[in-house]
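Undergrad: Okay, handing you the structure first.
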Amino acid sequence: SGSAGRARHPEEIHRSAGILKPDIEWYLSQQILPPISRLCECIDGTSQAMIAKKLGLDASRFNLRHGSTEIDDNSLVKFTPASFLVDTERFKDVDKLLITCQSCSTSNELKGVFTVGQDKSQIMSGYQCPNPKCDSPNHWGYESHFDLLNILSNKLSVMVRRNIEKHGSYESVCEDPSCKLKTCQLSVSGKLCLNRGCNGCMEPLYNAEKLDTQIKYLKSLFDLTHCYNQYVRFSSSSQDETSIVPIQEVKKMISKQDQALAEALCEKISVQLKKSAYNIIDPEFFQQFFSI
């Protein structure tokens, strides 16, 4: 029978003269362990299995392989911060910004403020249609830079709003390949899967890190300094440093209208990043916390 069917009043236990005994293991595993695990979840090196062992429970029952926060030394040795990755690797899983040319009606990915030609020294504006057969490639076939600015601004707003809504749905998925349960409900036992008999761990389908990466990808498309740094890194890695164009020359090759467009949209996305403040700690926090 279930736990409710086995419940007894304290007076009934006293009158049983020792026949009825509290299920200590049940209280530890169902009432004590879950809240302690949630409180200690943010502490690196802890896991539900470790806490269960300290409580005298069978740790193997709570050994959530997928959701354990135990430190893996091999992963730490090979770890590379996201800011050190090239954009092609860092933003490989994000939703790409696609623009449909008004002239040739082809849809292409917007690569950035500028693109590099085959001879490595040819710098071209990134805000023009890449289709070689396009009759009017400038500002993607729109009549003016202002029209393109409005289109891109609306697209950015929609993409950011859609991804924020996706994160706000709080949908989780079980990491056990044999289960893959998707739900917006949470277990009282923390990250435990809600499917009966499954020992998997529920993880957010779209967490704050993915949202932050998505917004940073959009910002990278309009940040001239960032685009130039990626251009230098790519040229350096290909051992072709002699053909690197100085940033002053790059700015001369890009029209002032394109630079103004990029600056305006970069500022627009920067506002969203400041609102998010993901992995950013304001220095005033330490002044207030430690009363410096």
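Convention: chains lettered A, B, ... in structure tokens order; per-chain residue numbering from 1; ligands numbered from 1 as shown.
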Looking only at alpha helix (DSSP H) from DSSP on the backbone, list the matching residues of range 94-291 of chain A as number ranges by chain.
TA: A: 145-168, 208-220, 224-237, 247-253, 256-276, 283-289
Undergrad: Range 205-208 of chain A: which residues within 8 Å, counting only C-alpha atoms, same-chain residues fewer than 5 positions away excluded, as a list in words?
TA: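 Here the qualifying residues turn out to be Lys166, His167, Tyr170, Glu171, Ser172, Val173 and Tyr278 of chain A.
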Undergrad: Any idea what the distance is between CA of Trp140 in chain A and CA of Tyr228 in chain A?
TA: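 It comes out at 21.8 Å.
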Undergrad: Pick the closest to Lys216 in chain A from A:Ser169, A:Ser243, A:Gln272, A:Thr100: which is it, counting only C-alpha atoms?
TA: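 Among the listed residues, the smallest separation from Lys216 in chain A belongs to A:Gln272.
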Undergrad: Find the spatial neighbours of range 181-187 of chain A, counting only C-alpha atoms, within a cut-off of 12 Å - ignore same-chain residues fewer than 3 positions away - and output them as a ChimeraX atom specification.
TA: /A:30,34-35,38,166-178,190-196,198-206
Undergrad: Find the distance between CA of Val245 in chain A and CA of Leu261 in chain A and write it in Å to one decimal.
TA: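 Interatomic distance, CA of Val245 in chain A to CA of Leu261 in chain A: 21.9 Å.
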Undergrad: Using only C-alpha atoms, what does the table of range 203-269 of chain A residues within 9 Å of range 104-125 of chain A look like, with each row giving the shortest atom pair and its distance in Å to one decimal, sorted by chain and ascending number, as a tab-separated table?
TA:
residue	atom	partner	partner_atom	distance
A:Ser220	CA	A:Gly112	CA	7.1
A:Leu221	CA	A:Gly112	CA	4.1
A:Phe222	CA	A:Val113	CA	5.6
A:Asp223	CA	A:Val113	CA	7.0
A:Leu224	CA	A:Val113	CA	6.0
A:Cys227	CA	A:Gly112	CA	6.7
A:Tyr228	CA	A:Phe114	CA	8.5
A:Tyr231	CA	A:Val116	CA	8.2
A:Ser235	CA	A:Lys120	CA	8.3
A:Asp240	CA	A:Lys120	CA	8.7
A:Ser243	CA	A:Ser121	CA	5.8
A:Ile244	CA	A:Ser121	CA	6.7
A:Val245	CA	A:Ser121	CA	6.2
A:Val250	CA	A:Ile123	CA	6.8
A:Met253	CA	A:Ile123	CA	6.5
A:Ile254	CA	A:Ser125	CA	5.9
A:Ser255	CA	A:Ser125	CA	7.9
A:Asp258	CA	A:Ser125	CA	7.4
A:Gln259	CA	A:Val113	CA	7.8
A:Ala262	CA	A:Val113	CA	6.7
Undergrad: Mind dumping the selected residues with N, CA and C atoms as a short mmCIF file (atom, residue, chain, number, x, y, z; two decimals), in the first residue's frame?
TA:
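Done, and the output landed in selection21.cif:
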data_model
loop_
_atom_site.label_atom_id
_atom_site.label_comp_id
_atom_site.auth_asym_id
_atom_site.auth_seq_id
_atom_site.Cartn_x
_atom_site.Cartn_y
_atom_site.Cartn_z
N SER A 220 27.17 39.85 -31.21
CA SER A 220 28.42 39.68 -31.95
C SER A 220 28.27 40.05 -33.42
N LEU A 221 27.06 39.98 -33.94
CA LEU A 221 26.82 40.29 -35.35
C LEU A 221 26.93 41.77 -35.65
N PHE A 222 26.86 42.61 -34.61
CA PHE A 222 26.85 44.05 -34.81
C PHE A 222 27.97 44.77 -34.05
N ASP A 223 28.85 43.99 -33.45
CA ASP A 223 29.99 44.54 -32.72
C ASP A 223 31.21 44.53 -33.63
N LEU A 224 31.61 45.70 -34.14
CA LEU A 224 32.71 45.78 -35.10
C LEU A 224 34.03 45.30 -34.48
N CYS A 227 33.98 41.49 -34.24
CA CYS A 227 34.15 40.89 -35.57
C CYS A 227 35.60 40.97 -36.04
N TYR A 228 36.24 42.10 -35.77
CA TYR A 228 37.64 42.24 -36.18
C TYR A 228 38.54 41.29 -35.39
N TYR A 231 38.27 37.95 -36.86
CA TYR A 231 38.98 37.94 -38.14
C TYR A 231 40.48 37.76 -37.92
N SER A 235 42.75 34.47 -39.01
CA SER A 235 43.92 34.65 -39.88
C SER A 235 45.19 34.16 -39.20
N ASP A 240 48.38 33.04 -41.69
CA ASP A 240 48.34 33.98 -42.81
C ASP A 240 48.26 35.41 -42.25
N SER A 243 48.47 38.96 -44.34
CA SER A 243 47.35 39.53 -45.09
C SER A 243 46.31 40.19 -44.18
N ILE A 244 46.59 40.28 -42.87
CA ILE A 244 45.64 40.90 -41.95
C ILE A 244 45.55 42.40 -42.22
N VAL A 245 44.35 42.87 -42.43
CA VAL A 245 44.11 44.28 -42.70
C VAL A 245 43.95 45.02 -41.38
N VAL A 250 39.98 48.65 -42.24
CA VAL A 250 38.69 47.96 -42.30
C VAL A 250 37.54 48.95 -42.18
N MET A 253 36.86 50.66 -45.35
CA MET A 253 36.22 49.83 -46.37
C MET A 253 34.73 49.63 -46.11
N ILE A 254 34.28 49.97 -44.91
CA ILE A 254 32.86 49.83 -44.55
C ILE A 254 32.24 51.22 -44.53
N SER A 255 31.10 51.37 -45.17
CA SER A 255 30.45 52.68 -45.24
C SER A 255 30.05 53.17 -43.86
N ASP A 258 26.73 51.76 -42.74
CA ASP A 258 26.78 50.41 -42.19
C ASP A 258 27.32 50.42 -40.76
N GLN A 259 28.31 51.26 -40.51
CA GLN A 259 28.87 51.35 -39.16
C GLN A 259 27.85 51.94 -38.18
N ALA A 262 25.30 49.20 -37.46
CA ALA A 262 25.84 48.20 -36.54
C ALA A 262 25.91 48.75 -35.12
#
Undergrad: Can you measure CA of Val160 in chain A to CA of Ile269 in chain A for me? One decimal in Å is fine.
TA: 8.9 Å
Undergrad: Between A:Thr225, A:Ser157, A:Ser276, A:Ser189, which one has atoms that come closest to Leu97 in chain A, using only C-alpha atoms?
TA: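 Selected residue with least distance to Leu97 in chain A: A:Ser157.
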